[in-house]
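Asker: Have a peek at coords13.cif (mmCIF, C-alpha atoms and all ligand atoms).
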```
data_my_file
loop_
_atom_site.label_atom_id
_atom_site.label_comp_id
_atom_site.auth_asym_id
_atom_site.auth_seq_id
_atom_site.Cartn_x
_atom_site.Cartn_y
_atom_site.Cartn_z
CA MET A 1 15.41 -139.16 -45.93
CA PRO A 2 16.73 -135.60 -45.56
CA ASP A 3 18.98 -134.94 -42.54
CA ASN A 4 16.46 -132.97 -40.58
CA ALA A 5 13.58 -135.42 -41.15
CA LEU A 6 12.22 -136.74 -37.85
CA LEU A 7 8.97 -138.53 -38.58
CA GLN A 8 7.86 -139.95 -41.88
CA CYS A 9 4.37 -141.17 -42.72
CA HIS A 10 4.16 -143.36 -45.79
CA LYS A 11 0.75 -143.94 -47.37
CA LEU A 12 -0.83 -144.03 -43.94
CA SER A 13 -4.49 -145.05 -44.15
CA LYS A 14 -7.34 -145.85 -41.80
CA PHE A 15 -10.49 -147.51 -43.04
CA PHE A 16 -13.40 -148.07 -40.66
CA ALA A 17 -16.06 -150.69 -41.42
CA VAL A 18 -19.31 -148.83 -40.82
CA LYS A 19 -22.91 -150.03 -41.15
CA SER A 20 -24.85 -147.74 -43.41
CA GLY A 21 -28.22 -147.36 -45.08
CA PHE A 22 -31.56 -149.05 -44.52
CA LEU A 23 -30.17 -152.60 -44.67
CA GLY A 24 -27.21 -151.77 -42.46
CA LYS A 25 -24.78 -153.01 -45.08
CA LYS A 26 -21.15 -152.65 -44.09
CA ARG A 27 -19.11 -150.12 -46.04
CA LEU A 28 -15.56 -148.94 -45.70
CA LEU A 29 -15.16 -145.38 -44.51
CA LYS A 30 -11.78 -144.09 -45.62
CA ALA A 31 -11.08 -141.75 -42.70
CA VAL A 32 -7.47 -141.25 -43.83
CA ASP A 33 -6.45 -142.29 -47.33
CA ALA A 34 -2.75 -142.77 -48.08
CA ALA A 35 -1.30 -139.76 -46.24
CA SER A 36 2.43 -139.33 -46.90
CA PHE A 37 4.48 -136.53 -45.38
CA VAL A 38 7.58 -135.74 -43.36
CA LEU A 39 7.78 -133.88 -40.06
CA ASP A 40 11.14 -132.21 -39.54
CA LYS A 41 13.04 -132.01 -36.27
CA GLY A 42 11.86 -129.18 -34.05
CA GLU A 43 9.30 -127.76 -36.50
CA CYS A 44 5.63 -127.01 -35.98
CA LEU A 45 3.68 -128.51 -38.87
CA GLY A 46 0.01 -127.58 -39.13
CA LEU A 47 -2.82 -129.88 -40.23
CA VAL A 48 -6.05 -128.12 -41.13
CA GLY A 49 -9.38 -129.19 -42.53
CA GLU A 50 -13.07 -129.28 -41.76
CA SER A 51 -14.63 -131.41 -39.05
CA GLY A 52 -14.54 -135.11 -39.89
CA CYS A 53 -11.79 -134.89 -42.53
CA GLY A 54 -9.57 -137.30 -40.60
CA LYS A 55 -7.19 -135.07 -38.63
CA SER A 56 -7.56 -136.82 -35.27
CA THR A 57 -7.47 -140.25 -36.88
CA LEU A 58 -4.14 -139.36 -38.50
CA GLY A 59 -2.77 -137.97 -35.22
CA ARG A 60 -3.86 -141.05 -33.26
CA MET A 61 -2.22 -143.40 -35.76
CA ILE A 62 1.04 -141.48 -35.50
CA CYS A 63 1.02 -141.73 -31.70
CA GLY A 64 0.27 -145.44 -31.77
CA LEU A 65 -3.22 -145.03 -30.29
CA LEU A 66 -4.89 -146.47 -33.38
CA ALA A 67 -3.63 -149.18 -35.74
CA PRO A 68 -3.41 -148.07 -39.37
CA SER A 69 -5.15 -150.15 -42.03
CA GLN A 70 -2.23 -149.58 -44.38
CA GLY A 71 1.02 -147.68 -44.52
CA SER A 72 3.77 -146.97 -42.03
CA VAL A 73 5.16 -144.41 -39.62
CA SER A 74 8.93 -144.09 -39.16
CA LEU A 75 10.80 -142.16 -36.51
CA LEU A 76 14.40 -141.27 -37.35
CA GLY A 77 14.32 -143.79 -40.18
CA ARG A 78 13.06 -146.70 -38.06
CA GLU A 79 9.57 -148.00 -38.66
CA LEU A 80 7.38 -147.82 -35.55
CA PRO A 81 5.67 -150.97 -34.35
CA LEU A 82 2.09 -149.91 -34.93
CA ALA A 83 -0.37 -149.18 -32.13
CA ASN A 84 1.99 -150.55 -29.53
CA ALA A 85 2.52 -148.33 -26.52
CA GLN A 86 5.30 -150.61 -25.20
CA SER A 87 7.44 -150.15 -28.28
CA TRP A 88 11.00 -148.82 -28.31
CA ALA A 89 9.47 -145.49 -29.18
CA ALA A 90 7.24 -145.33 -26.07
CA GLY A 91 7.34 -141.81 -24.75
CA ARG A 92 9.00 -140.40 -27.87
CA LEU A 93 5.60 -139.49 -29.27
CA GLN A 94 2.98 -137.81 -27.09
CA MET A 95 -0.43 -136.35 -27.72
CA ILE A 96 -2.29 -133.35 -26.31
CA PHE A 97 -6.07 -133.39 -26.77
CA GLN A 98 -8.72 -130.74 -27.12
CA ASP A 99 -10.26 -131.74 -23.81
CA PRO A 100 -7.55 -132.17 -21.18
CA PHE A 101 -10.02 -134.08 -18.99
CA SER A 102 -9.54 -137.02 -21.36
CA SER A 103 -5.88 -137.33 -20.41
CA LEU A 104 -6.26 -136.50 -16.71
CA ASN A 105 -7.68 -139.03 -14.30
CA PRO A 106 -10.14 -137.13 -12.03
CA ARG A 107 -9.23 -139.36 -9.09
CA MET A 108 -5.49 -138.79 -9.33
CA THR A 109 -3.61 -135.72 -8.08
CA VAL A 110 -2.29 -133.68 -10.96
CA ALA A 111 1.31 -134.51 -10.00
CA ALA A 112 0.48 -138.23 -10.20
CA SER A 113 -1.11 -137.73 -13.64
CA VAL A 114 1.78 -135.66 -14.92
CA ALA A 115 4.26 -138.21 -13.54
CA GLU A 116 2.53 -141.22 -15.10
CA PRO A 117 4.38 -141.34 -18.45
CA LEU A 118 7.63 -141.84 -16.51
CA ALA A 119 6.31 -144.98 -14.78
CA ALA A 120 6.65 -146.95 -18.02
CA ARG A 121 10.33 -146.02 -18.00
CA GLY A 122 10.85 -147.52 -14.57
CA VAL A 123 11.44 -144.21 -12.75
CA GLY A 124 10.67 -144.57 -9.01
CA ARG A 125 7.56 -142.96 -7.52
CA ASN A 126 9.21 -140.20 -5.49
CA GLU A 127 11.53 -139.23 -8.29
CA ARG A 128 8.58 -139.14 -10.70
CA LEU A 129 6.54 -136.90 -8.44
CA LEU A 130 9.45 -134.51 -7.92
CA ALA A 131 9.98 -134.31 -11.69
CA ALA A 132 6.24 -133.70 -12.15
CA ASP A 133 6.25 -130.84 -9.65
CA ALA A 134 9.22 -129.29 -11.44
CA MET A 135 7.49 -129.60 -14.82
CA LEU A 136 4.27 -128.14 -13.42
CA ALA A 137 6.29 -125.14 -12.25
CA MET A 138 7.72 -124.78 -15.77
CA VAL A 139 4.23 -124.53 -17.25
CA GLY A 140 3.29 -121.84 -14.72
CA LEU A 141 1.64 -123.99 -12.05
CA GLU A 142 3.93 -124.01 -9.06
CA GLY A 143 3.01 -125.94 -5.92
CA VAL A 144 -0.26 -127.41 -7.20
CA GLY A 145 0.80 -131.05 -7.51
CA LYS A 146 -1.40 -132.34 -4.67
CA ARG A 147 -4.59 -130.86 -6.12
CA TYR A 148 -7.13 -132.61 -8.38
CA PRO A 149 -8.13 -131.79 -11.99
CA HIS A 150 -11.58 -130.38 -11.06
CA GLU A 151 -9.90 -127.62 -9.04
CA PHE A 152 -8.47 -126.06 -12.21
CA SER A 153 -9.83 -123.94 -15.06
CA GLY A 154 -9.81 -125.22 -18.65
CA GLY A 155 -6.64 -123.26 -19.47
CA GLN A 156 -4.87 -124.54 -16.35
CA ARG A 157 -5.89 -128.10 -17.17
CA GLN A 158 -4.40 -127.68 -20.63
CA ARG A 159 -1.17 -126.48 -18.95
CA ILE A 160 -1.20 -129.70 -16.91
CA ALA A 161 -1.69 -131.73 -20.11
CA VAL A 162 1.28 -129.91 -21.68
CA ALA A 163 3.41 -130.71 -18.62
CA ARG A 164 2.39 -134.37 -18.81
CA ALA A 165 3.21 -134.59 -22.52
CA LEU A 166 6.69 -133.16 -21.91
CA MET A 167 7.71 -135.50 -19.09
CA THR A 168 9.38 -138.07 -21.33
CA ARG A 169 11.06 -135.31 -23.42
CA PRO A 170 9.31 -136.57 -26.57
CA ASP A 171 10.59 -136.00 -30.09
CA VAL A 172 7.07 -135.42 -31.38
CA ILE A 173 3.93 -134.02 -29.76
CA VAL A 174 0.69 -134.27 -31.70
CA CYS A 175 -1.42 -131.34 -30.51
CA ASP A 176 -5.03 -132.15 -31.48
CA GLU A 177 -7.05 -128.91 -31.34
CA PRO A 178 -5.29 -127.96 -28.08
CA VAL A 179 -6.98 -124.56 -27.75
CA SER A 180 -10.33 -125.10 -29.50
CA ALA A 181 -12.23 -125.51 -26.24
CA LEU A 182 -10.71 -122.41 -24.59
CA ASP A 183 -11.70 -118.72 -24.47
CA ALA A 184 -9.82 -116.51 -26.91
CA SER A 185 -7.70 -114.84 -24.19
CA VAL A 186 -6.69 -118.19 -22.71
CA GLN A 187 -6.00 -119.61 -26.19
CA ALA A 188 -3.19 -117.10 -26.69
CA GLN A 189 -1.62 -118.05 -23.34
CA ILE A 190 -1.60 -121.75 -24.19
CA LEU A 191 -0.21 -121.12 -27.68
CA ASN A 192 2.57 -119.02 -26.14
CA LEU A 193 3.23 -121.77 -23.62
CA LEU A 194 3.54 -124.33 -26.44
CA CYS A 195 6.03 -122.02 -28.21
CA ASP A 196 8.05 -121.53 -25.00
CA MET A 197 8.13 -125.26 -24.33
CA GLN A 198 9.28 -125.90 -27.89
CA GLU A 199 12.18 -123.51 -27.35
CA GLN A 200 13.04 -125.22 -24.10
CA PHE A 201 12.67 -128.90 -25.03
CA SER A 202 12.64 -128.81 -28.89
CA PRO A 203 9.87 -131.31 -29.64
CA ALA A 204 8.42 -131.17 -33.13
CA TYR A 205 4.71 -130.46 -33.13
CA LEU A 206 2.07 -131.79 -35.49
CA PHE A 207 -0.46 -129.08 -34.76
CA ILE A 208 -4.03 -130.01 -35.65
CA SER A 209 -6.66 -127.30 -35.89
CA HIS A 210 -9.64 -126.24 -37.94
CA ASP A 211 -8.65 -122.61 -37.27
CA LEU A 212 -6.26 -121.21 -39.86
CA ASN A 213 -5.56 -118.14 -37.74
CA VAL A 214 -4.24 -120.34 -34.94
CA VAL A 215 -2.29 -122.52 -37.37
CA GLY A 216 -0.87 -119.41 -39.05
CA PHE A 217 0.37 -118.17 -35.68
CA MET A 218 1.98 -121.46 -34.68
CA CYS A 219 3.18 -123.22 -37.80
CA GLN A 220 5.92 -122.64 -40.36
CA ARG A 221 4.43 -125.25 -42.66
CA ILE A 222 0.83 -126.29 -43.23
CA MET A 223 -0.96 -129.33 -44.67
CA VAL A 224 -4.55 -129.14 -45.86
CA MET A 225 -6.81 -132.18 -45.58
CA TYR A 226 -10.22 -132.85 -47.09
CA LEU A 227 -12.29 -136.03 -46.79
CA GLY A 228 -9.33 -138.08 -45.65
CA ARG A 229 -6.93 -136.84 -48.35
CA LEU A 230 -4.07 -134.36 -48.13
CA LEU A 231 -4.65 -131.81 -50.91
CA GLU A 232 -1.94 -129.21 -50.40
CA GLU A 233 1.17 -128.80 -48.30
CA GLY A 234 3.43 -125.80 -48.18
CA PRO A 235 5.25 -123.12 -46.22
CA ARG A 236 2.79 -120.91 -44.35
CA ASP A 237 3.73 -117.66 -46.08
CA GLU A 238 3.43 -119.10 -49.61
CA LEU A 239 0.20 -120.83 -48.75
CA PHE A 240 -1.37 -117.75 -47.19
CA ALA A 241 -0.27 -115.50 -50.06
CA HIS A 242 -0.86 -117.80 -53.05
CA ALA A 243 -2.76 -120.92 -52.01
CA ALA A 244 -2.83 -123.17 -55.06
CA HIS A 245 -5.69 -125.53 -54.26
CA PRO A 246 -9.21 -124.11 -54.59
CA TYR A 247 -10.06 -125.77 -51.27
CA THR A 248 -7.16 -124.03 -49.49
CA GLN A 249 -8.26 -120.77 -51.10
CA ALA A 250 -11.80 -121.30 -49.82
CA LEU A 251 -10.62 -122.12 -46.29
CA LEU A 252 -8.46 -119.00 -46.29
CA SER A 253 -11.16 -116.65 -47.45
CA ALA A 254 -13.52 -118.13 -44.88
CA SER A 255 -11.15 -117.65 -41.99
CA LEU A 256 -8.70 -114.82 -42.46
CA GLU A 257 -10.55 -111.63 -41.73
CA SER A 258 -8.00 -109.35 -43.31
CA ARG A 259 -8.17 -111.01 -46.70
CA GLU A 260 -10.29 -109.64 -49.46
CA ILE A 261 -12.92 -112.24 -50.08
CA ASP A 262 -12.91 -113.61 -53.57
CA GLU A 263 -16.51 -114.56 -54.27
CA LYS A 264 -15.42 -117.59 -56.30
CA ALA A 265 -13.40 -118.90 -53.40
CA VAL A 266 -16.30 -119.15 -50.96
CA LEU A 267 -17.05 -122.78 -50.18
CA GLN A 268 -20.18 -123.93 -51.93
CA GLY A 269 -22.40 -126.92 -51.24
CA GLU A 270 -22.37 -129.48 -48.49
CA LEU A 271 -19.47 -131.60 -47.33
CA PRO A 272 -20.07 -135.02 -48.97
CA SER A 273 -20.40 -138.10 -46.77
CA PRO A 274 -17.04 -139.79 -46.27
CA LEU A 275 -18.89 -143.08 -46.90
CA HIS A 276 -19.55 -141.98 -50.47
CA PRO A 277 -16.56 -139.86 -51.43
CA PRO A 278 -16.75 -138.27 -54.89
CA LYS A 279 -14.80 -139.99 -57.67
CA GLY A 280 -11.76 -138.29 -59.18
CA CYS A 281 -10.75 -135.27 -57.12
CA VAL A 282 -12.71 -135.54 -53.85
CA PHE A 283 -13.23 -131.77 -53.85
CA HIS A 284 -14.74 -131.51 -57.34
CA PRO A 285 -18.46 -131.20 -56.41
CA ARG A 286 -17.68 -128.00 -54.46
CA CYS A 287 -14.92 -126.65 -56.67
CA PRO A 288 -15.41 -123.53 -58.81
CA LYS A 289 -12.67 -124.69 -61.19
CA ALA A 290 -13.90 -128.27 -61.69
CA GLU A 291 -14.01 -129.68 -65.20
CA LYS A 292 -14.69 -133.14 -66.55
CA ILE A 293 -11.23 -134.50 -65.78
CA CYS A 294 -11.74 -133.67 -62.09
CA THR A 295 -14.73 -136.03 -61.93
CA GLN A 296 -12.69 -138.88 -63.41
CA GLU A 297 -9.04 -138.71 -62.38
CA VAL A 298 -7.47 -138.31 -58.98
CA PRO A 299 -4.94 -135.49 -59.42
CA ALA A 300 -1.31 -136.42 -58.85
CA TRP A 301 0.94 -134.33 -56.58
CA GLN A 302 2.55 -131.42 -58.38
CA THR A 303 5.53 -129.59 -56.95
CA LEU A 304 5.15 -125.81 -56.95
CA GLY A 305 8.28 -124.83 -55.03
CA PRO A 306 10.55 -125.99 -52.23
CA HIS A 307 8.37 -127.98 -49.80
CA TRP A 308 5.24 -126.84 -51.63
CA ARG A 309 3.01 -129.33 -53.42
CA VAL A 310 -0.60 -129.59 -54.42
CA ARG A 311 -3.06 -132.09 -55.85
CA CYS A 312 -5.24 -130.24 -58.35
CA HIS A 313 -5.62 -130.56 -62.13
CA PHE A 314 -5.87 -126.77 -62.43
CA ALA A 315 -3.59 -125.55 -59.67
CA GLN A 316 -1.64 -123.24 -61.92
CA SER A 317 -4.43 -121.86 -64.07
N1 LIG B 1 -13.97 -145.40 -34.46
C1 LIG B 1 -14.56 -144.97 -35.57
N2 LIG B 1 -15.46 -145.74 -36.23
C2 LIG B 1 -16.05 -145.31 -37.36
N3 LIG B 1 -15.81 -144.12 -37.93
C3 LIG B 1 -14.93 -143.31 -37.33
C4 LIG B 1 -14.27 -143.67 -36.12
N4 LIG B 1 -13.44 -142.65 -35.75
C5 LIG B 1 -13.59 -141.69 -36.68
N5 LIG B 1 -14.48 -142.08 -37.63
C6 LIG B 1 -14.88 -141.31 -38.82
O1 LIG B 1 -13.70 -140.99 -39.51
C7 LIG B 1 -13.79 -139.68 -40.07
C8 LIG B 1 -12.64 -138.85 -39.57
O2 LIG B 1 -12.82 -138.58 -38.17
P1 LIG B 1 -11.80 -137.69 -37.33
O3 LIG B 1 -12.28 -137.69 -35.93
O4 LIG B 1 -10.43 -138.17 -37.59
O5 LIG B 1 -11.99 -136.26 -37.99
P2 LIG B 1 -11.43 -134.83 -37.51
O6 LIG B 1 -10.88 -134.17 -38.72
O7 LIG B 1 -10.56 -135.00 -36.34
O8 LIG B 1 -12.77 -134.06 -37.09
P3 LIG B 1 -12.99 -132.92 -35.96
O9 LIG B 1 -12.46 -131.64 -36.55
O10 LIG B 1 -14.46 -132.89 -35.77
O11 LIG B 1 -12.24 -133.35 -34.73
C9 LIG B 1 -15.16 -139.16 -39.70
O12 LIG B 1 -16.05 -139.39 -40.76
C10 LIG B 1 -15.53 -139.99 -38.49
O13 LIG B 1 -16.93 -140.11 -38.39
MG MG B 2 -10.61 -134.30 -34.38
#
```
Any chance you could give the structure as structure tokens?
Answerer:
Amino acid sequence: MPDNALLQCHKLSKFFAVKSGFLGKKRLLKAVDAASFVLDKGECLGLVGESGCGKSTLGRMICGLLAPSQGSVSLLGRELPLANAQSWAAGRLQMIFQDPFSSLNPRMTVAASVAEPLAARGVGRNERLLAADAMLAMVGLEGVGKRYPHEFSGGQRQRIAVARALMTRPDVIVCDEPVSALDASVQAQILNLLCDMQEQFSPAYLFISHDLNVVGFMCQRIMVMYLGRLLEEGPRDELFAHAAHPYTQALLSASLESREIDEKAVLQGELPSPLHPPKGCVFHPRCPKAEKICTQEVPAWQTLGPHWRVRCHFAQS
């Protein structure tokens, strides 16, 4: 592994057994299919893709909240015991969710919620609460520790969730759509807070979002996911200027207002059901470049430049 590699996912997969169709026959839904990538120390790596493509499932596996069906996650070269919150890595990986209510107990004061991750480390109650108050002040909420989650706005609750995630000084924070539920003006404040906290405490972020504008603001590197598969990964500037995968191109023209829209790059057709993923390249039914080979063969990764790779039979044409 390179020196600055922090977290490595190797062929990480999650298959759900789901009943489908008239007879309720069980089928395997490949929510995440063999995702391999490296998160570097202190970076902010983006993960984008449409709803249901497997972003949260990938994030939850990394944080040990969901057991993978296959594959492994390593932190600093050591494989993590999977889906085990009591592992040696407890507290080194944290997650921030779209809805901060899900991580805040409505019956606990916010200081008690923020302090909770330290309990597993054996820190005494008073010390924990003092540390929580100090962290709340760092995220811009001084002197609020004795109040309850319902007394705060959505943006303030997300600040509390950020404070809670930072308490154990984690190496990695998976931010799963952390601003998607917030008003645009509040979104910017929370994104700035995440940047400030990264400067202060240097966690690496895996930043999940369906919004390329937000990901472009936050991330130096971006991965693109579609129907459970990673299709392209590259530095933000290269990707935004010369996206190689037709799916990345389509996402970009749909979301970046300043770009000239290339008619061919507009996403066509419906998102296929993940229970019946297309053969060959999963994107081929919606792809303007698709040819016969795309319906038959899964494209291999091709390297286009430093840290830039893509899975498309026609990436360079
Ligand atoms: N517990 C589960 N049982 C069965 N299927 C599941 C389960 N959790 C997720 N899925 C399915 O796995 C796929 C990926 O879901 P996931 O929530 O990871 O997507 P996502 O990219 O985070 O979507 P969104 O942008 O809407 O949050 C979806 O098809 C979803 O329906
Ligand atoms: Mg999700």
Asker: Within 10 Å of (1.9, -116.5, -33.8) in the file's own coordinates, which protein, DNA or RNA residues have an atom, counting only C-alpha atoms? List them as a VMD selection string.
Answerer: chain A and resid 188 191 to 192 195 213 to 220
Asker: Can you tell me how far atom N1 of ligand LIG 1 (chain B) sits from CA of Leu29 (chain A), in Å to one decimal?
Answerer: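 Between atom N1 of ligand LIG 1 (chain B) and CA of Leu29 (chain A) the gap is 10.1 Å.
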Asker: Chain A near ligand MG 2 (chain B) within 10 Å: what's each residue's closest atom pair and its distance in Å to one decimal, counting all atoms listed in the file, ordered by chain then ascending residue number, as JSON lines?
Answerer:
```
{"residue": "A:Gly49", "atom": "CA", "partner": "B:MG2", "partner_atom": "MG", "distance": 9.7}
{"residue": "A:Glu50", "atom": "CA", "partner": "B:MG2", "partner_atom": "MG", "distance": 9.3}
{"residue": "A:Ser51", "atom": "CA", "partner": "B:MG2", "partner_atom": "MG", "distance": 6.8}
{"residue": "A:Gly52", "atom": "CA", "partner": "B:MG2", "partner_atom": "MG", "distance": 6.8}
{"residue": "A:Cys53", "atom": "CA", "partner": "B:MG2", "partner_atom": "MG", "distance": 8.3}
{"residue": "A:Gly54", "atom": "CA", "partner": "B:MG2", "partner_atom": "MG", "distance": 7.0}
{"residue": "A:Lys55", "atom": "CA", "partner": "B:MG2", "partner_atom": "MG", "distance": 5.5}
{"residue": "A:Ser56", "atom": "CA", "partner": "B:MG2", "partner_atom": "MG", "distance": 4.1}
{"residue": "A:Thr57", "atom": "CA", "partner": "B:MG2", "partner_atom": "MG", "distance": 7.2}
{"residue": "A:Leu58", "atom": "CA", "partner": "B:MG2", "partner_atom": "MG", "distance": 9.2}
{"residue": "A:Gly59", "atom": "CA", "partner": "B:MG2", "partner_atom": "MG", "distance": 8.7}
{"residue": "A:Arg60", "atom": "CA", "partner": "B:MG2", "partner_atom": "MG", "distance": 9.6}
{"residue": "A:Phe97", "atom": "CA", "partner": "B:MG2", "partner_atom": "MG", "distance": 8.9}
{"residue": "A:Gln98", "atom": "CA", "partner": "B:MG2", "partner_atom": "MG", "distance": 8.3}
{"residue": "A:Asp176", "atom": "CA", "partner": "B:MG2", "partner_atom": "MG", "distance": 6.6}
{"residue": "A:Glu177", "atom": "CA", "partner": "B:MG2", "partner_atom": "MG", "distance": 7.1}
{"residue": "A:Ile208", "atom": "CA", "partner": "B:MG2", "partner_atom": "MG", "distance": 8.0}
{"residue": "A:Ser209", "atom": "CA", "partner": "B:MG2", "partner_atom": "MG", "distance": 8.2}
{"residue": "A:His210", "atom": "CA", "partner": "B:MG2", "partner_atom": "MG", "distance": 8.9}
```
Asker: Check the smallest atom-to-atom distance from each of A:Pro81, A:Pro170, A:Gly234, A:Gly228 to ligand LIG 1 (chain B) using all atoms listed in the file, then report the winner.
Answerer: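 For ligand LIG 1 (chain B), the nearest of the candidates is A:Gly228.
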Asker: Do you have, as a Markdown table, the list of residues of region 73-123 of chain A lying at most 6 Å from region 142-161 of chain A, each with its nearest atom pair and that distance in Å to one decimal, counting only C-alpha atoms and ordered by chain then number?
Answerer:
```
| residue | atom | partner | partner_atom | distance |
| --- | --- | --- | --- | --- |
| A:Pro100 | CA | A:Gln158 | CA | 5.5 |
| A:Pro106 | CA | A:Pro149 | CA | 5.7 |
| A:Thr109 | CA | A:Tyr148 | CA | 4.7 |
| A:Val110 | CA | A:Gly145 | CA | 5.3 |
| A:Ala111 | CA | A:Gly145 | CA | 4.3 |
```
